[in-house]
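See structure below.
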Amino acid sequence: MEDFQAMLDRISNAQSRRQLWETLLEQMHEFGIKMVSYHTTGSDGLPLSIASDGFPESWVCQYIDENLVQIDPIPELAARLSRPFFWHEIEELAPSTADTERYLALLANANIGDGIALYVFGPGLQNAYVGLGFGKEFVELDPIDLLRIQSIAQAGHLKFCEIQSEKTPRPSLTKRESEILEWVAQGKSNSVIADILSISQHTVDAHMRKIYAKLGVADRTSAALRSVGSAVIKLS
């Protein structure tokens with residue numbers, strides 16, 4: 001098996017999303033993992049997206065066609081636990097609901113075996129869920145290997161966020177828009193911001209509409225998170 005530090009170095013040196021994805025797949029295969037899925041959470045104004053490799057085409061098509069992401073309990077459970085767990089633990093860990101039972105039944109019928117679920121964290125709440133399948137043969141992993149897998153997934157996600165930010169230009173805000181957004185990020189209402197800046201609330205409202213459009217968001221909380229996460233503004 002490749003040296004662990006060398007694995008991390010290869011992730012750090014990836015120059016594109018494709019190269020990063022292929023590197024991560026190679027590294028996961030060395031641990032006996034045959035299937036990999038990567039689900040961004042759609043936070044920080046980014047759309048939900050799923051990348052996968054090795055899963056049966058029938059299961060991937062069913063997951064997409066039936067919009068199973070709406071009832072899949074694993075990503076939410078992974079975010080709540082913030083630690084890796086095996087798929088066979090889901091029934092014990094997840095709340096028992098009709099949707100959960102339906103999803104687990106579909107998963108069992110797909111006959112794709114066991115695997116690992118884990119959550120990874122990025123800047124500006126750009127978090128993601130990672131699913132790692134063993135196939136039909138269960139893979140015994142000691143705690144050190146499980147930690148290494150989690151570290152590789154986390155390093156890969158951070159590198160993806162870095163590459164993504166380089167491909168997506170930062171929104172260009174005017175000095176006044178940045179000033180207003182800084183106060184928004186500190187929890188100030190539009191009326192309070194108007195008083196602080198000695199301008200009308202109508203003017204603040206107009207600036208906020210332009211800020212939403214530039215950042216691609218629809219509310220002040222998302223605007224603040226997006227701006228801080230992408231370094232559009234900096235909080236002191």
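Chain labels follow the order of the structure tokens: the first chain is A, the next B, and so on; residue numbering restarts at 1 in every chain, and ligands are counted from 1 in their shown order.
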
Using DSSP secondary structure from the backbone, list all strand (DSSP E) positions within range 11-83 of chain A, as a PyMOL selection string. chain A and resi 35-40+50-53

How would the residues just picked look written out with all heavy atoms as an mmCIF file, in the first residue's frame?
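Generated output (again04.cif):
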```cif
data_model
loop_
_atom_site.group_PDB
_atom_site.id
_atom_site.type_symbol
_atom_site.label_atom_id
_atom_site.label_comp_id
_atom_site.auth_asym_id
_atom_site.auth_seq_id
_atom_site.Cartn_x
_atom_site.Cartn_y
_atom_site.Cartn_z
ATOM 1 N N MET A 35 -16.683 0.919 -4.179
ATOM 2 C CA MET A 35 -17.676 1.900 -4.612
ATOM 3 C C MET A 35 -17.501 3.188 -3.817
ATOM 4 O O MET A 35 -17.331 3.149 -2.593
ATOM 5 C CB MET A 35 -19.089 1.352 -4.404
ATOM 6 C CG MET A 35 -19.380 0.084 -5.188
ATOM 7 S SD MET A 35 -21.001 -0.638 -4.798
ATOM 8 C CE MET A 35 -20.650 -1.406 -3.205
ATOM 9 N N VAL A 36 -17.555 4.307 -4.497
ATOM 10 C CA VAL A 36 -17.379 5.603 -3.848
ATOM 11 C C VAL A 36 -18.466 6.559 -4.335
ATOM 12 O O VAL A 36 -18.711 6.663 -5.538
ATOM 13 C CB VAL A 36 -15.993 6.214 -4.159
ATOM 14 C CG1 VAL A 36 -15.856 7.583 -3.494
ATOM 15 C CG2 VAL A 36 -14.878 5.279 -3.716
ATOM 16 N N SER A 37 -19.109 7.240 -3.403
ATOM 17 C CA SER A 37 -20.047 8.306 -3.766
ATOM 18 C C SER A 37 -19.747 9.533 -2.922
ATOM 19 O O SER A 37 -19.340 9.422 -1.768
ATOM 20 C CB SER A 37 -21.502 7.874 -3.569
ATOM 21 O OG SER A 37 -21.783 7.642 -2.204
ATOM 22 N N TYR A 38 -19.943 10.686 -3.536
ATOM 23 C CA TYR A 38 -19.592 11.966 -2.910
ATOM 24 C C TYR A 38 -20.770 12.912 -3.113
ATOM 25 O O TYR A 38 -21.116 13.263 -4.238
ATOM 26 C CB TYR A 38 -18.321 12.491 -3.574
ATOM 27 C CG TYR A 38 -17.882 13.883 -3.181
ATOM 28 C CD1 TYR A 38 -17.330 14.152 -1.931
ATOM 29 C CD2 TYR A 38 -17.990 14.936 -4.095
ATOM 30 C CE1 TYR A 38 -16.900 15.428 -1.597
ATOM 31 C CE2 TYR A 38 -17.555 16.215 -3.771
ATOM 32 C CZ TYR A 38 -17.017 16.453 -2.516
ATOM 33 O OH TYR A 38 -16.596 17.726 -2.197
ATOM 34 N N HIS A 39 -21.411 13.298 -2.019
ATOM 35 C CA HIS A 39 -22.620 14.111 -2.078
ATOM 36 C C HIS A 39 -22.342 15.457 -1.420
ATOM 37 O O HIS A 39 -22.174 15.541 -0.197
ATOM 38 C CB HIS A 39 -23.773 13.457 -1.312
ATOM 39 C CG HIS A 39 -24.054 12.036 -1.706
ATOM 40 N ND1 HIS A 39 -25.322 11.587 -2.013
ATOM 41 C CD2 HIS A 39 -23.244 10.949 -1.832
ATOM 42 C CE1 HIS A 39 -25.274 10.299 -2.308
ATOM 43 N NE2 HIS A 39 -24.020 9.892 -2.204
ATOM 44 N N THR A 40 -22.313 16.530 -2.213
ATOM 45 C CA THR A 40 -22.234 17.844 -1.587
ATOM 46 C C THR A 40 -23.592 18.169 -0.985
ATOM 47 O O THR A 40 -24.627 17.684 -1.460
ATOM 48 C CB THR A 40 -21.841 18.933 -2.597
ATOM 49 O OG1 THR A 40 -22.854 19.014 -3.612
ATOM 50 C CG2 THR A 40 -20.503 18.629 -3.232
ATOM 51 N N ILE A 50 -23.999 14.981 -6.865
ATOM 52 C CA ILE A 50 -23.552 13.652 -6.458
ATOM 53 C C ILE A 50 -22.615 13.100 -7.522
ATOM 54 O O ILE A 50 -22.935 13.121 -8.708
ATOM 55 C CB ILE A 50 -24.742 12.685 -6.275
ATOM 56 C CG1 ILE A 50 -25.727 13.223 -5.238
ATOM 57 C CG2 ILE A 50 -24.242 11.300 -5.863
ATOM 58 C CD1 ILE A 50 -26.996 12.403 -5.135
ATOM 59 N N ALA A 51 -21.457 12.630 -7.095
ATOM 60 C CA ALA A 51 -20.535 11.920 -7.976
ATOM 61 C C ALA A 51 -20.394 10.506 -7.437
ATOM 62 O O ALA A 51 -20.360 10.302 -6.224
ATOM 63 C CB ALA A 51 -19.179 12.619 -8.010
ATOM 64 N N SER A 52 -20.331 9.515 -8.330
ATOM 65 C CA SER A 52 -20.215 8.137 -7.854
ATOM 66 C C SER A 52 -19.384 7.311 -8.825
ATOM 67 O O SER A 52 -19.267 7.643 -10.010
ATOM 68 C CB SER A 52 -21.603 7.503 -7.682
ATOM 69 O OG SER A 52 -22.237 7.310 -8.927
ATOM 70 N N ASP A 53 -18.827 6.232 -8.299
ATOM 71 C CA ASP A 53 -18.041 5.303 -9.116
ATOM 72 C C ASP A 53 -18.142 3.917 -8.498
ATOM 73 O O ASP A 53 -18.038 3.761 -7.274
ATOM 74 C CB ASP A 53 -16.570 5.732 -9.160
ATOM 75 C CG ASP A 53 -15.734 4.824 -10.045
ATOM 76 O OD1 ASP A 53 -15.690 5.080 -11.258
ATOM 77 O OD2 ASP A 53 -15.133 3.875 -9.510
#
```

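Neighbours of Arg83 in chain A closer than or equal to 9 Å, with only C-alpha atoms counted and sequence neighbours fewer than 5 positions away skipped, come out as A:Ala78, A:Ala117, A:Leu118, A:Tyr119, A:Gln150.
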
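Closest approach to Ser222 in chain A among A:Arg17, A:Leu147, A:Ile152, A:Leu125 is made by A:Leu125 (distances from only C-alpha atoms).
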
Using DSSP assignments from the backbone, pull out every residue in range 112-193 of chain A that falls under alpha helix (DSSP H) and give it to me as an NGL selection string. :A and (143-167 or 175-185 or 190-193)

Nearest to Ile11 in chain A: which of A:Glu162, A:Glu137, A:Asp142, A:Glu89 is it, counting only C-alpha atoms? A:Glu162

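Residues in contact range of range 205-214 of chain A, defined as at most 7 Å between only C-alpha atoms, with sequence neighbours fewer than 2 positions away removed, read Pro171, Glu177, Asn190, Gln201, His202, Thr203, Gly216, Val217, Ala218 and Ala223 of chain A.
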
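Shortest atom-to-atom contact with Cys161 in chain A among A:Gln186, A:Trp59, A:Ile180, A:Ser12: A:Ser12, counting only C-alpha atoms.
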
Would you kindly return, as a list of chain:residue names, each protein, DNA or RNA residue with an atom no farther than 12 Å from any atom of Pro95 in chain A, considering only C-alpha atoms and excluding same-chain residues fewer than 4 positions away? A:Asp72, A:Pro73, A:Ile74, A:Glu76, A:Leu77, A:Arg80, A:Glu89, A:Ile90, A:Glu91, A:Asp99, A:Thr100, A:Glu101

Selected residues written out, C-alpha atoms, as a tab-separated table (two decimals), in the first residue's frame:
```tsv
chain	number	residue	atom	x	y	z
A	72	ASP	CA	-31.98	8.68	2.14
A	73	PRO	CA	-31.32	8.94	5.91
A	74	ILE	CA	-27.56	8.37	5.67
A	76	GLU	CA	-28.26	13.52	7.60
A	77	LEU	CA	-27.20	10.81	10.05
A	80	ARG	CA	-25.36	14.47	13.01
A	89	GLU	CA	-25.62	0.23	11.65
A	90	ILE	CA	-28.14	2.54	9.97
A	91	GLU	CA	-31.25	0.71	11.18
A	99	ASP	CA	-39.15	6.79	4.60
A	100	THR	CA	-36.18	5.23	6.39
A	101	GLU	CA	-37.70	1.76	6.26
```

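Note that the spacing between CA of Arg148 in chain A and CA of Leu107 in chain A amounts to 26.5 Å.
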
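Straight-line separation from CA of Val204 in chain A to CA of Arg220 in chain A: 12.2 Å.
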
Which neighbours of Leu25 in chain A fall inside 12 Å, counting only C-alpha atoms, when residues of the same chain fewer than 2 positions from it are skipped, and could you give them as an mmCIF file with N, CA, C and O atoms, in the first residue's frame?
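Listing of around-v7.cif after writing:
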```cif
data_model
loop_
_atom_site.group_PDB
_atom_site.id
_atom_site.type_symbol
_atom_site.label_atom_id
_atom_site.label_comp_id
_atom_site.auth_asym_id
_atom_site.auth_seq_id
_atom_site.Cartn_x
_atom_site.Cartn_y
_atom_site.Cartn_z
ATOM 1 N N MET A 7 0.055 9.537 0.019
ATOM 2 C CA MET A 7 -1.345 9.661 -0.391
ATOM 3 C C MET A 7 -1.832 11.101 -0.223
ATOM 4 O O MET A 7 -2.450 11.677 -1.130
ATOM 5 N N ILE A 11 -2.994 14.054 -3.103
ATOM 6 C CA ILE A 11 -4.244 14.821 -3.039
ATOM 7 C C ILE A 11 -3.938 16.310 -3.114
ATOM 8 O O ILE A 11 -4.561 17.061 -3.867
ATOM 9 N N ARG A 18 -10.952 16.256 -11.978
ATOM 10 C CA ARG A 18 -10.811 14.916 -12.537
ATOM 11 C C ARG A 18 -9.607 14.194 -11.938
ATOM 12 O O ARG A 18 -9.694 13.042 -11.535
ATOM 13 N N GLN A 19 -8.467 14.869 -11.884
ATOM 14 C CA GLN A 19 -7.262 14.257 -11.319
ATOM 15 C C GLN A 19 -7.469 13.941 -9.843
ATOM 16 O O GLN A 19 -7.048 12.883 -9.365
ATOM 17 N N LEU A 20 -8.115 14.840 -9.130
ATOM 18 C CA LEU A 20 -8.390 14.614 -7.705
ATOM 19 C C LEU A 20 -9.286 13.394 -7.521
ATOM 20 O O LEU A 20 -9.019 12.537 -6.677
ATOM 21 N N TRP A 21 -10.360 13.310 -8.314
ATOM 22 C CA TRP A 21 -11.304 12.193 -8.207
ATOM 23 C C TRP A 21 -10.615 10.866 -8.498
ATOM 24 O O TRP A 21 -10.776 9.897 -7.744
ATOM 25 N N GLU A 22 -9.805 10.816 -9.549
ATOM 26 C CA GLU A 22 -9.108 9.578 -9.890
ATOM 27 C C GLU A 22 -8.100 9.184 -8.812
ATOM 28 O O GLU A 22 -7.936 8.001 -8.503
ATOM 29 N N THR A 23 -7.454 10.193 -8.220
ATOM 30 C CA THR A 23 -6.502 9.922 -7.134
ATOM 31 C C THR A 23 -7.218 9.333 -5.932
ATOM 32 O O THR A 23 -6.756 8.343 -5.335
ATOM 33 N N GLN A 27 -6.815 5.533 -4.178
ATOM 34 C CA GLN A 27 -6.453 5.371 -2.779
ATOM 35 C C GLN A 27 -7.501 4.563 -2.009
ATOM 36 O O GLN A 27 -7.167 3.730 -1.175
ATOM 37 N N MET A 28 -8.776 4.798 -2.301
ATOM 38 C CA MET A 28 -9.828 4.041 -1.628
ATOM 39 C C MET A 28 -9.791 2.571 -2.038
ATOM 40 O O MET A 28 -10.026 1.675 -1.213
ATOM 41 N N HIS A 29 -9.456 2.302 -3.290
ATOM 42 C CA HIS A 29 -9.363 0.919 -3.753
ATOM 43 C C HIS A 29 -8.290 0.156 -2.987
ATOM 44 O O HIS A 29 -8.416 -1.065 -2.780
ATOM 45 N N GLU A 30 -7.247 0.839 -2.559
ATOM 46 C CA GLU A 30 -6.173 0.171 -1.818
ATOM 47 C C GLU A 30 -6.651 -0.338 -0.466
ATOM 48 O O GLU A 30 -6.039 -1.236 0.115
ATOM 49 N N PHE A 31 -7.734 0.215 0.040
ATOM 50 C CA PHE A 31 -8.300 -0.245 1.309
ATOM 51 C C PHE A 31 -9.401 -1.288 1.099
ATOM 52 O O PHE A 31 -10.067 -1.695 2.044
ATOM 53 N N GLY A 32 -9.596 -1.716 -0.142
ATOM 54 C CA GLY A 32 -10.622 -2.710 -0.426
ATOM 55 C C GLY A 32 -11.981 -2.113 -0.713
ATOM 56 O O GLY A 32 -12.978 -2.841 -0.793
ATOM 57 N N ILE A 33 -12.035 -0.811 -0.878
ATOM 58 C CA ILE A 33 -13.297 -0.132 -1.164
ATOM 59 C C ILE A 33 -13.528 -0.149 -2.675
ATOM 60 O O ILE A 33 -12.675 0.292 -3.440
ATOM 61 N N LYS A 34 -14.690 -0.643 -3.083
ATOM 62 C CA LYS A 34 -14.980 -0.804 -4.509
ATOM 63 C C LYS A 34 -15.914 0.267 -5.049
ATOM 64 O O LYS A 34 -15.970 0.498 -6.257
ATOM 65 N N MET A 35 -16.683 0.919 -4.179
ATOM 66 C CA MET A 35 -17.676 1.900 -4.612
ATOM 67 C C MET A 35 -17.501 3.188 -3.817
ATOM 68 O O MET A 35 -17.331 3.149 -2.593
ATOM 69 N N VAL A 36 -17.555 4.307 -4.497
ATOM 70 C CA VAL A 36 -17.379 5.603 -3.848
ATOM 71 C C VAL A 36 -18.466 6.559 -4.335
ATOM 72 O O VAL A 36 -18.711 6.663 -5.538
ATOM 73 N N SER A 37 -19.109 7.240 -3.403
ATOM 74 C CA SER A 37 -20.047 8.306 -3.766
ATOM 75 C C SER A 37 -19.747 9.533 -2.922
ATOM 76 O O SER A 37 -19.340 9.422 -1.768
ATOM 77 N N TYR A 38 -19.943 10.686 -3.536
ATOM 78 C CA TYR A 38 -19.592 11.966 -2.910
ATOM 79 C C TYR A 38 -20.770 12.912 -3.113
ATOM 80 O O TYR A 38 -21.116 13.263 -4.238
ATOM 81 N N ALA A 51 -21.457 12.630 -7.095
ATOM 82 C CA ALA A 51 -20.535 11.920 -7.976
ATOM 83 C C ALA A 51 -20.394 10.506 -7.437
ATOM 84 O O ALA A 51 -20.360 10.302 -6.224
ATOM 85 N N SER A 52 -20.331 9.515 -8.330
ATOM 86 C CA SER A 52 -20.215 8.137 -7.854
ATOM 87 C C SER A 52 -19.384 7.311 -8.825
ATOM 88 O O SER A 52 -19.267 7.643 -10.010
ATOM 89 N N ASP A 53 -18.827 6.232 -8.299
ATOM 90 C CA ASP A 53 -18.041 5.303 -9.116
ATOM 91 C C ASP A 53 -18.142 3.917 -8.498
ATOM 92 O O ASP A 53 -18.038 3.761 -7.274
ATOM 93 N N GLY A 54 -18.365 2.919 -9.333
ATOM 94 C CA GLY A 54 -18.355 1.539 -8.880
ATOM 95 C C GLY A 54 -19.704 0.988 -8.467
ATOM 96 O O GLY A 54 -19.865 -0.233 -8.356
ATOM 97 N N LEU A 132 -18.857 4.885 1.039
ATOM 98 C CA LEU A 132 -17.799 3.977 0.567
ATOM 99 C C LEU A 132 -18.281 2.544 0.681
ATOM 100 O O LEU A 132 -18.503 2.046 1.783
ATOM 101 N N GLY A 133 -18.479 1.890 -0.467
ATOM 102 C CA GLY A 133 -19.025 0.537 -0.460
ATOM 103 C C GLY A 133 -17.974 -0.540 -0.638
ATOM 104 O O GLY A 133 -17.041 -0.388 -1.424
ATOM 105 N N ILE A 149 -8.752 6.411 6.178
ATOM 106 C CA ILE A 149 -9.791 6.613 5.161
ATOM 107 C C ILE A 149 -10.523 7.929 5.400
ATOM 108 O O ILE A 149 -10.772 8.702 4.461
ATOM 109 N N ILE A 152 -8.218 10.803 4.402
ATOM 110 C CA ILE A 152 -8.114 10.931 2.955
ATOM 111 C C ILE A 152 -9.352 11.612 2.389
ATOM 112 O O ILE A 152 -9.261 12.512 1.546
ATOM 113 N N ALA A 153 -10.528 11.193 2.867
ATOM 114 C CA ALA A 153 -11.771 11.803 2.400
ATOM 115 C C ALA A 153 -11.822 13.282 2.763
ATOM 116 O O ALA A 153 -12.223 14.125 1.950
ATOM 117 N N GLY A 156 -9.352 15.199 0.631
ATOM 118 C CA GLY A 156 -9.865 15.300 -0.723
ATOM 119 C C GLY A 156 -10.954 16.346 -0.846
ATOM 120 O O GLY A 156 -11.006 17.105 -1.823
#
```

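Using only C-alpha atoms for every distance, the candidate list A:Ser16, A:Leu215, A:Leu106, A:Gly115 yields A:Leu106 as the residue closest to Val60 in chain A.
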